[in-house]
file protein27.cif (mmCIF, C-alpha atoms)
data_structure
loop_
_atom_site.label_atom_id
_atom_site.label_comp_id
_atom_site.auth_asym_id
_atom_site.auth_seq_id
_atom_site.Cartn_x
_atom_site.Cartn_y
_atom_site.Cartn_z
CA GLY L 557 0.00 0.00 0.00
CA ALA L 558 0.90 3.65 -0.15
CA VAL L 559 3.44 4.87 2.34
CA VAL L 560 4.34 8.34 3.43
CA SER L 561 7.71 8.76 5.09
CA GLN L 562 8.33 11.63 7.45
CA HIS L 563 11.79 12.48 8.66
CA PRO L 564 13.10 13.00 11.26
CA SER L 565 10.78 11.26 13.70
CA TRP L 566 12.10 13.43 16.50
CA VAL L 567 14.45 16.37 16.75
CA ILE L 568 15.84 18.56 19.51
CA CYS L 569 17.20 21.94 18.57
CA LYS L 570 18.38 25.08 20.28
CA SER L 571 16.33 28.22 20.36
CA GLY L 572 17.05 30.43 17.36
CA THR L 573 18.03 27.66 14.99
CA SER L 574 16.02 26.33 12.05
CA VAL L 575 14.72 22.82 11.60
CA LYS L 576 13.65 21.12 8.38
CA ILE L 577 11.10 18.31 8.34
CA GLU L 578 10.62 16.18 5.24
CA CYS L 579 7.45 14.47 4.05
CA ARG L 580 7.98 12.01 1.23
CA SER L 581 5.48 9.87 -0.65
CA LEU L 582 7.27 6.62 -1.39
CA ASP L 583 5.19 4.90 -4.03
CA PHE L 584 2.88 7.51 -5.44
CA GLN L 585 2.93 11.08 -6.66
CA ALA L 586 1.31 13.49 -4.25
CA THR L 587 0.02 16.64 -5.90
CA THR L 588 -1.12 17.94 -2.53
CA MET L 589 0.31 17.54 0.94
CA PHE L 590 -0.98 18.90 4.21
CA TRP L 591 0.94 19.92 7.32
CA TYR L 592 -0.63 19.64 10.75
CA ARG L 593 0.48 20.61 14.20
CA GLN L 594 -0.59 18.86 17.37
CA PHE L 595 -0.02 19.78 21.00
CA PRO L 596 -0.14 17.00 23.62
CA LYS L 597 -3.58 15.45 24.01
CA GLN L 598 -5.08 17.97 21.60
CA SER L 599 -6.47 17.87 18.11
CA LEU L 600 -4.58 18.14 14.84
CA MET L 601 -4.66 21.68 13.54
CA LEU L 602 -4.03 22.26 9.86
CA MET L 603 -1.16 24.65 9.27
CA ALA L 604 -0.95 24.74 5.49
CA THR L 605 -1.78 23.05 2.24
CA SER L 606 1.19 22.38 0.01
CA ASN L 607 0.64 22.06 -3.75
CA GLU L 608 3.42 20.89 -6.01
CA GLY L 609 4.91 23.71 -8.04
CA SER L 610 3.01 26.51 -6.35
CA LYS L 611 3.03 28.47 -3.13
CA ALA L 612 1.57 26.88 -0.04
CA THR L 613 -1.76 28.04 1.30
CA TYR L 614 -1.51 28.86 4.98
CA GLU L 615 -4.33 28.70 7.48
CA GLN L 616 -5.31 31.81 9.34
CA GLY L 617 -2.95 32.60 12.17
CA VAL L 618 -0.03 30.57 10.83
CA GLU L 619 3.07 32.66 10.18
CA LYS L 620 4.23 31.88 6.67
CA ASP L 621 7.64 33.42 7.27
CA LYS L 622 8.19 31.22 10.28
CA PHE L 623 6.89 27.97 8.83
CA LEU L 624 8.36 27.72 5.35
CA ILE L 625 6.84 25.07 3.11
CA ASN L 626 8.39 23.87 -0.11
CA HIS L 627 6.76 21.30 -2.40
CA ALA L 628 9.37 21.12 -5.12
CA SER L 629 8.52 17.69 -6.47
CA LEU L 630 5.56 15.34 -6.63
CA THR L 631 7.05 13.18 -3.90
CA LEU L 632 8.54 15.65 -1.44
CA SER L 633 7.28 18.49 0.71
CA THR L 634 9.37 20.12 3.40
CA LEU L 635 8.43 22.21 6.41
CA THR L 636 11.14 24.45 7.83
CA VAL L 637 10.62 25.96 11.25
CA THR L 638 12.76 29.09 11.18
CA SER L 639 14.27 30.69 14.27
CA ALA L 640 12.61 28.11 16.45
CA HIS L 641 11.52 28.99 19.97
CA PRO L 642 10.35 26.76 22.84
CA GLU L 643 6.72 27.54 22.02
CA ASP L 644 7.25 25.89 18.63
CA SER L 645 7.82 22.58 20.40
CA SER L 646 5.07 20.32 19.14
CA PHE L 647 4.22 17.26 17.09
CA TYR L 648 4.18 17.97 13.36
CA ILE L 649 2.54 15.52 11.00
CA CYS L 650 2.07 15.55 7.26
CA SER L 651 -0.42 13.87 5.01
CA ALA L 652 -0.30 13.30 1.29
CA ARG L 653 -3.13 13.03 -1.19
CA ARG L 654 -2.92 10.78 -4.20
CA ASP L 655 -5.37 12.03 -6.84
CA SER L 656 -8.87 11.35 -5.57
CA SER L 657 -7.97 8.61 -3.13
CA PHE L 658 -7.72 8.82 0.60
CA LEU L 659 -5.06 10.61 2.53
CA HIS L 660 -1.96 8.90 3.78
CA PHE L 661 -0.27 10.20 6.92
CA GLY L 662 3.38 10.30 7.85
CA ASN L 663 4.40 9.09 11.30
CA GLY L 664 4.99 12.59 12.57
CA THR L 665 7.94 14.55 13.96
CA ARG L 666 8.30 15.49 17.60
CA LEU L 667 10.12 18.82 17.79
CA THR L 668 11.62 20.00 21.07
CA VAL L 669 13.19 23.45 21.17
CA THR L 670 15.44 24.07 24.17
CA ALA U 339 -17.35 26.35 7.67
CA GLN U 340 -17.10 22.76 8.74
CA LYS U 341 -17.03 21.76 12.37
CA ILE U 342 -16.49 18.46 14.12
CA THR U 343 -17.35 17.94 17.78
CA GLN U 344 -16.29 15.11 20.04
CA THR U 345 -17.75 15.69 23.48
CA GLN U 346 -16.06 12.82 25.32
CA PRO U 347 -12.53 13.79 26.39
CA GLY U 348 -12.03 10.33 27.86
CA MET U 349 -13.78 6.99 27.83
CA PHE U 350 -13.18 3.79 29.76
CA VAL U 351 -14.27 0.32 28.73
CA GLN U 352 -13.74 -3.17 30.01
CA GLU U 353 -11.88 -5.57 27.77
CA LYS U 354 -14.19 -7.54 25.44
CA GLU U 355 -17.03 -5.06 25.83
CA ALA U 356 -18.29 -2.68 23.15
CA VAL U 357 -17.82 1.09 23.31
CA THR U 358 -19.28 4.00 21.37
CA LEU U 359 -17.32 7.16 20.69
CA ASP U 360 -19.47 10.14 19.81
CA CYS U 361 -18.98 12.53 16.92
CA THR U 362 -21.26 15.25 15.61
CA TYR U 363 -20.56 17.48 12.66
CA ASP U 364 -21.82 20.59 11.02
CA THR U 365 -21.56 21.47 7.37
CA SER U 366 -23.63 23.15 4.71
CA ASP U 367 -22.12 21.04 1.96
CA PRO U 368 -24.31 18.22 0.63
CA SER U 369 -21.28 16.12 -0.22
CA TYR U 370 -18.75 15.25 2.45
CA GLY U 371 -16.75 12.40 3.89
CA LEU U 372 -16.36 11.37 7.49
CA PHE U 373 -13.36 9.53 8.88
CA TRP U 374 -12.24 7.96 12.11
CA TYR U 375 -8.57 7.69 13.00
CA LYS U 376 -6.77 6.01 15.87
CA GLN U 377 -3.65 7.65 17.27
CA PRO U 378 -1.63 5.53 19.70
CA SER U 379 1.00 7.10 21.95
CA SER U 380 3.57 6.71 19.16
CA GLY U 381 1.73 9.44 17.25
CA GLU U 382 0.97 7.72 13.97
CA MET U 383 -2.49 8.24 12.51
CA ILE U 384 -4.17 4.94 11.75
CA PHE U 385 -7.17 5.05 9.43
CA LEU U 386 -10.09 3.04 10.79
CA ILE U 387 -13.23 3.69 8.79
CA TYR U 388 -14.84 6.01 6.23
CA GLN U 389 -18.43 7.07 5.57
CA GLY U 390 -19.52 9.07 2.57
CA SER U 391 -22.47 11.41 2.90
CA TYR U 392 -24.37 9.59 0.17
CA ASP U 393 -23.64 6.10 1.43
CA GLN U 394 -26.86 4.30 2.25
CA GLN U 395 -25.31 1.71 4.51
CA ASN U 396 -23.36 2.28 7.69
CA ALA U 397 -19.67 1.56 7.14
CA THR U 398 -18.10 -1.43 8.86
CA GLU U 399 -14.48 -2.58 9.04
CA GLY U 400 -13.91 -5.63 11.19
CA ARG U 401 -14.58 -4.64 14.81
CA TYR U 402 -15.27 -1.05 13.82
CA SER U 403 -18.61 0.24 12.66
CA LEU U 404 -19.84 3.74 12.07
CA ASN U 405 -23.33 4.65 13.23
CA PHE U 406 -24.20 7.30 10.66
CA GLN U 407 -27.30 9.34 11.38
CA LYS U 408 -27.38 11.98 8.69
CA ALA U 409 -30.42 13.88 9.91
CA ARG U 410 -28.86 14.22 13.35
CA LYS U 411 -25.43 14.93 11.82
CA SER U 412 -23.77 12.31 13.92
CA ALA U 413 -21.17 9.71 13.01
CA ASN U 414 -20.42 7.66 16.10
CA LEU U 415 -17.74 4.99 16.10
CA VAL U 416 -18.61 1.65 17.66
CA ILE U 417 -15.78 -0.66 18.66
CA SER U 418 -16.95 -4.16 19.46
CA ALA U 419 -15.08 -6.63 21.67
CA SER U 420 -12.55 -4.08 22.93
CA GLN U 421 -8.95 -5.14 23.23
CA LEU U 422 -6.14 -3.72 25.36
CA GLY U 423 -4.46 -2.56 22.16
CA ASP U 424 -7.43 -0.32 21.42
CA SER U 425 -6.28 2.09 24.12
CA ALA U 426 -5.42 5.25 22.19
CA MET U 427 -6.73 8.62 21.15
CA TYR U 428 -9.50 8.55 18.55
CA PHE U 429 -10.29 11.34 16.14
CA CYS U 430 -13.34 11.98 14.03
CA ALA U 431 -12.64 14.05 10.91
CA MET U 432 -14.44 15.54 7.94
CA ARG U 433 -13.11 16.02 4.44
CA GLU U 434 -13.60 19.06 2.23
CA LEU U 435 -15.46 18.93 -1.08
CA PRO U 436 -13.42 18.03 -4.18
CA GLY U 437 -11.27 20.90 -5.31
CA THR U 438 -7.80 22.23 -4.71
CA SER U 439 -8.21 21.55 -0.99
CA TYR U 440 -9.56 18.07 -1.54
CA GLY U 441 -8.15 15.90 1.17
CA LYS U 442 -8.01 18.65 3.76
CA LEU U 443 -9.39 17.23 6.98
CA THR U 444 -11.00 19.03 9.88
CA PHE U 445 -10.53 17.08 13.09
CA GLY U 446 -12.56 16.85 16.26
CA GLN U 447 -11.00 17.35 19.67
CA GLY U 448 -10.37 13.65 20.12
CA THR U 449 -11.37 11.05 22.70
CA ILE U 450 -8.85 9.14 24.79
CA LEU U 451 -10.03 5.56 25.11
CA THR U 452 -8.69 3.39 27.90
CA VAL U 453 -9.41 -0.34 27.86
CA HIS U 454 -9.21 -2.04 31.25
CA PRO U 455 -8.33 -5.73 31.59
#

call {"tool": "encode", "arguments": {"input": "protein27.cif", "output": "structure tokens"}}
result
Amino acid sequence: GAVVSQHPSWVICKSGTSVKIECRSLDFQATTMFWYRQFPKQSLMLMATSNEGSKATYEQGVEKDKFLINHASLTLSTLTVTSAHPEDSSFYICSARRDSSFLHFGNGTRLTVT
Amino acid sequence: AQKITQTQPGMFVQEKEAVTLDCTYDTSDPSYGLFWYKQPSSGEMIFLIYQGSYDQQNATEGRYSLNFQKARKSANLVISASQLGDSAMYFCAMRELPGTSYGKLTFGQGTILTVHP
């Protein structure tokens, strides 16, 4: 079946540095990918919709300059958390859409900013 | 705007018993899809079951069934014969209409299910 690989699965970084998270569709081409953020024991909140070859669409309240999304190919979308701060510590999870079929989720990335 | 509501922050069930997790939704779109996902402590999102708004029958997948009551806008998940491995957080979600945002899911608040031996 379809698999979406998300890397890294966890990362610890220092405040002020940037972190890149990759979301890769392994056996299908994903024209659209979605990035979610989840705080402990809370719901998944959509951050942005990433479309291959075009600019990402950010949800209201999400800082596009802080959370940079690049969807340069049909199999890869990246989320870069720039100048990370402790309040950016969270669980980030991507999902990929293959044409009209269901979504496939990555396993998520736990980010801790110290 | 679409909205999903899960009113049970936590639920407890005895092993081998059935449990119902509640989900209500609100949308003005005539066409929509409803999903249930399981999220164990590892964080992965495990797809359980799907119900389309035009589906006549309630969806079933093994021990999971979806009690779809369209007029009441509810889509409750029923887990039969609970197992210890069912302990996890469960999310109800709704999908946008086909279009550029097709696949975008709106999630409920989640319900933490604990299965007791």

call {"tool": "resolve_selection", "arguments": {"input": "protein27.cif", "expression": "the PyMOL selection byres ((chain U and resi 368-376) around 6)", "output": "ChimeraX atom specification"}}
result
/U:367,377,383-391,427-433

call {"tool": "atom_distance", "arguments": {"input": "protein27.cif", "atom1": "atom CA of Lys620 of chain L", "atom2": "atom CA of His660 of chain L"}}
result
24.0 Å

call {"tool": "interface_residues", "arguments": {"input": "protein27.cif", "of": "chain U", "to": "chain L", "cutoff": "8 Å", "atoms": "only C-alpha atoms", "output": "ChimeraX atom specification"}}
result
/U:381-383,429,439-448

call {"tool": "residues_around", "arguments": {"input": "protein27.cif", "residues": "Thr573 of chain L", "least_positions_apart": "4", "cutoff": "12 Å", "atoms": "all atoms listed in the file", "output": "list of chain:residue names"}}
result
L:Val567, L:Ile568, L:Cys569, L:Lys622, L:Thr636, L:Val637, L:Thr638, L:Ser639, L:Ala640, L:His641, L:Pro642, L:Asp644, L:Thr668, L:Val669, L:Thr670

call {"tool": "write_last_selection", "arguments": {"input": "protein27.cif", "atoms": "C-alpha atoms", "output": "short mmCIF file (atom, residue, chain, number, x, y, z; two decimals), in the coordinates of the input"}}
result
data_model
loop_
_atom_site.label_atom_id
_atom_site.label_comp_id
_atom_site.auth_asym_id
_atom_site.auth_seq_id
_atom_site.Cartn_x
_atom_site.Cartn_y
_atom_site.Cartn_z
CA VAL L 567 14.45 16.37 16.75
CA ILE L 568 15.84 18.56 19.51
CA CYS L 569 17.20 21.94 18.57
CA LYS L 622 8.19 31.22 10.28
CA THR L 636 11.14 24.45 7.83
CA VAL L 637 10.62 25.96 11.25
CA THR L 638 12.76 29.09 11.18
CA SER L 639 14.27 30.69 14.27
CA ALA L 640 12.61 28.11 16.45
CA HIS L 641 11.52 28.99 19.97
CA PRO L 642 10.35 26.76 22.84
CA ASP L 644 7.25 25.89 18.63
CA THR L 668 11.62 20.00 21.07
CA VAL L 669 13.19 23.45 21.17
CA THR L 670 15.44 24.07 24.17
#

call {"tool": "closest_residue", "arguments": {"input": "protein27.cif", "among": "L:Ser629, L:Thr634, L:Ser645, L:Ser610", "to": "Cys579 of chain L", "atoms": "all atoms listed in the file"}}
result
L:Thr634

call {"tool": "resolve_selection", "arguments": {"input": "protein27.cif", "expression": "the PyMOL selection byres ((chain L and resi 580-583) around 8)", "output": "PDB file with C-alpha atoms, in the frame of the given file"}}
result
ATOM      1  CA  ALA L 558       0.900   3.650  -0.150  1.00  0.00           C
ATOM      2  CA  VAL L 559       3.440   4.870   2.340  1.00  0.00           C
ATOM      3  CA  VAL L 560       4.340   8.340   3.430  1.00  0.00           C
ATOM      4  CA  SER L 561       7.710   8.760   5.090  1.00  0.00           C
ATOM      5  CA  GLN L 562       8.330  11.630   7.450  1.00  0.00           C
ATOM      6  CA  GLU L 578      10.620  16.180   5.240  1.00  0.00           C
ATOM      7  CA  CYS L 579       7.450  14.470   4.050  1.00  0.00           C
ATOM      8  CA  PHE L 584       2.880   7.510  -5.440  1.00  0.00           C
ATOM      9  CA  GLN L 585       2.930  11.080  -6.660  1.00  0.00           C
ATOM     10  CA  ALA L 586       1.310  13.490  -4.250  1.00  0.00           C
ATOM     11  CA  THR L 631       7.050  13.180  -3.900  1.00  0.00           C
ATOM     12  CA  LEU L 632       8.540  15.650  -1.440  1.00  0.00           C
ATOM     13  CA  SER L 633       7.280  18.490   0.710  1.00  0.00           C
ATOM     14  CA  ALA L 652      -0.300  13.300   1.290  1.00  0.00           C
TER      15      ALA L 652
END

call {"tool": "build_atoms", "arguments": {"input": "protein27.cif", "residues": "segment 604-622 of chain L", "atoms": "N, CA, C and O atoms", "output": "JSON list (two decimals), keeping the file's coordinate frame"}}
result
[["chain", "number", "residue", "atom", "x", "y", "z"],
["L", 604, "ALA", "N", -1.04, 24.29, 6.88],
["L", 604, "ALA", "CA", -0.95, 24.74, 5.49],
["L", 604, "ALA", "C", -1.20, 23.60, 4.54],
["L", 604, "ALA", "O", -1.03, 22.42, 4.88],
["L", 605, "THR", "N", -1.60, 23.98, 3.34],
["L", 605, "THR", "CA", -1.78, 23.05, 2.24],
["L", 605, "THR", "C", -0.66, 23.31, 1.23],
["L", 605, "THR", "O", -0.47, 24.46, 0.80],
["L", 606, "SER", "N", 0.03, 22.26, 0.89],
["L", 606, "SER", "CA", 1.19, 22.38, 0.01],
["L", 606, "SER", "C", 0.86, 21.75, -1.34],
["L", 606, "SER", "O", 0.54, 20.57, -1.43],
["L", 607, "ASN", "N", 0.90, 22.55, -2.41],
["L", 607, "ASN", "CA", 0.64, 22.06, -3.75],
["L", 607, "ASN", "C", 1.92, 22.09, -4.57],
["L", 607, "ASN", "O", 2.62, 23.10, -4.58],
["L", 608, "GLU", "N", 2.19, 21.00, -5.24],
["L", 608, "GLU", "CA", 3.42, 20.89, -6.01],
["L", 608, "GLU", "C", 3.52, 21.99, -7.05],
["L", 608, "GLU", "O", 2.57, 22.22, -7.81],
["L", 609, "GLY", "N", 4.65, 22.68, -7.04],
["L", 609, "GLY", "CA", 4.91, 23.71, -8.04],
["L", 609, "GLY", "C", 4.28, 25.06, -7.77],
["L", 609, "GLY", "O", 4.40, 25.97, -8.60],
["L", 610, "SER", "N", 3.60, 25.21, -6.64],
["L", 610, "SER", "CA", 3.01, 26.51, -6.35],
["L", 610, "SER", "C", 3.20, 26.84, -4.87],
["L", 610, "SER", "O", 3.65, 25.99, -4.09],
["L", 611, "LYS", "N", 2.86, 28.05, -4.52],
["L", 611, "LYS", "CA", 3.03, 28.47, -3.13],
["L", 611, "LYS", "C", 2.03, 27.76, -2.23],
["L", 611, "LYS", "O", 0.90, 27.49, -2.63],
["L", 612, "ALA", "N", 2.46, 27.53, -1.01],
["L", 612, "ALA", "CA", 1.57, 26.88, -0.04],
["L", 612, "ALA", "C", 0.47, 27.84, 0.39],
["L", 612, "ALA", "O", 0.64, 29.06, 0.38],
["L", 613, "THR", "N", -0.64, 27.26, 0.75],
["L", 613, "THR", "CA", -1.76, 28.04, 1.30],
["L", 613, "THR", "C", -1.78, 27.84, 2.81],
["L", 613, "THR", "O", -1.96, 26.72, 3.28],
["L", 614, "TYR", "N", -1.60, 28.94, 3.53],
["L", 614, "TYR", "CA", -1.51, 28.86, 4.98],
["L", 614, "TYR", "C", -2.87, 29.13, 5.62],
["L", 614, "TYR", "O", -3.65, 29.95, 5.14],
["L", 615, "GLU", "N", -3.11, 28.45, 6.72],
["L", 615, "GLU", "CA", -4.33, 28.70, 7.48],
["L", 615, "GLU", "C", -4.18, 30.00, 8.27],
["L", 615, "GLU", "O", -3.07, 30.48, 8.54],
["L", 616, "GLN", "N", -5.31, 30.55, 8.60],
["L", 616, "GLN", "CA", -5.31, 31.81, 9.34],
["L", 616, "GLN", "C", -4.56, 31.65, 10.65],
["L", 616, "GLN", "O", -4.77, 30.69, 11.39],
["L", 617, "GLY", "N", -3.70, 32.61, 10.92],
["L", 617, "GLY", "CA", -2.95, 32.60, 12.17],
["L", 617, "GLY", "C", -1.61, 31.91, 12.09],
["L", 617, "GLY", "O", -0.85, 31.95, 13.06],
["L", 618, "VAL", "N", -1.32, 31.26, 10.98],
["L", 618, "VAL", "CA", -0.03, 30.57, 10.83],
["L", 618, "VAL", "C", 0.94, 31.50, 10.13],
["L", 618, "VAL", "O", 0.64, 32.02, 9.04],
["L", 619, "GLU", "N", 2.09, 31.73, 10.75],
["L", 619, "GLU", "CA", 3.07, 32.66, 10.18],
["L", 619, "GLU", "C", 3.83, 32.01, 9.03],
["L", 619, "GLU", "O", 4.64, 31.10, 9.24],
["L", 620, "LYS", "N", 3.60, 32.49, 7.83],
["L", 620, "LYS", "CA", 4.23, 31.88, 6.67],
["L", 620, "LYS", "C", 5.74, 32.10, 6.62],
["L", 620, "LYS", "O", 6.47, 31.31, 6.03],
["L", 621, "ASP", "N", 6.20, 33.17, 7.25],
["L", 621, "ASP", "CA", 7.64, 33.42, 7.27],
["L", 621, "ASP", "C", 8.35, 32.57, 8.31],
["L", 621, "ASP", "O", 9.57, 32.41, 8.25],
["L", 622, "LYS", "N", 7.59, 32.06, 9.25],
["L", 622, "LYS", "CA", 8.19, 31.22, 10.28],
["L", 622, "LYS", "C", 8.14, 29.75, 9.87],
["L", 622, "LYS", "O", 9.07, 28.99, 10.14]]
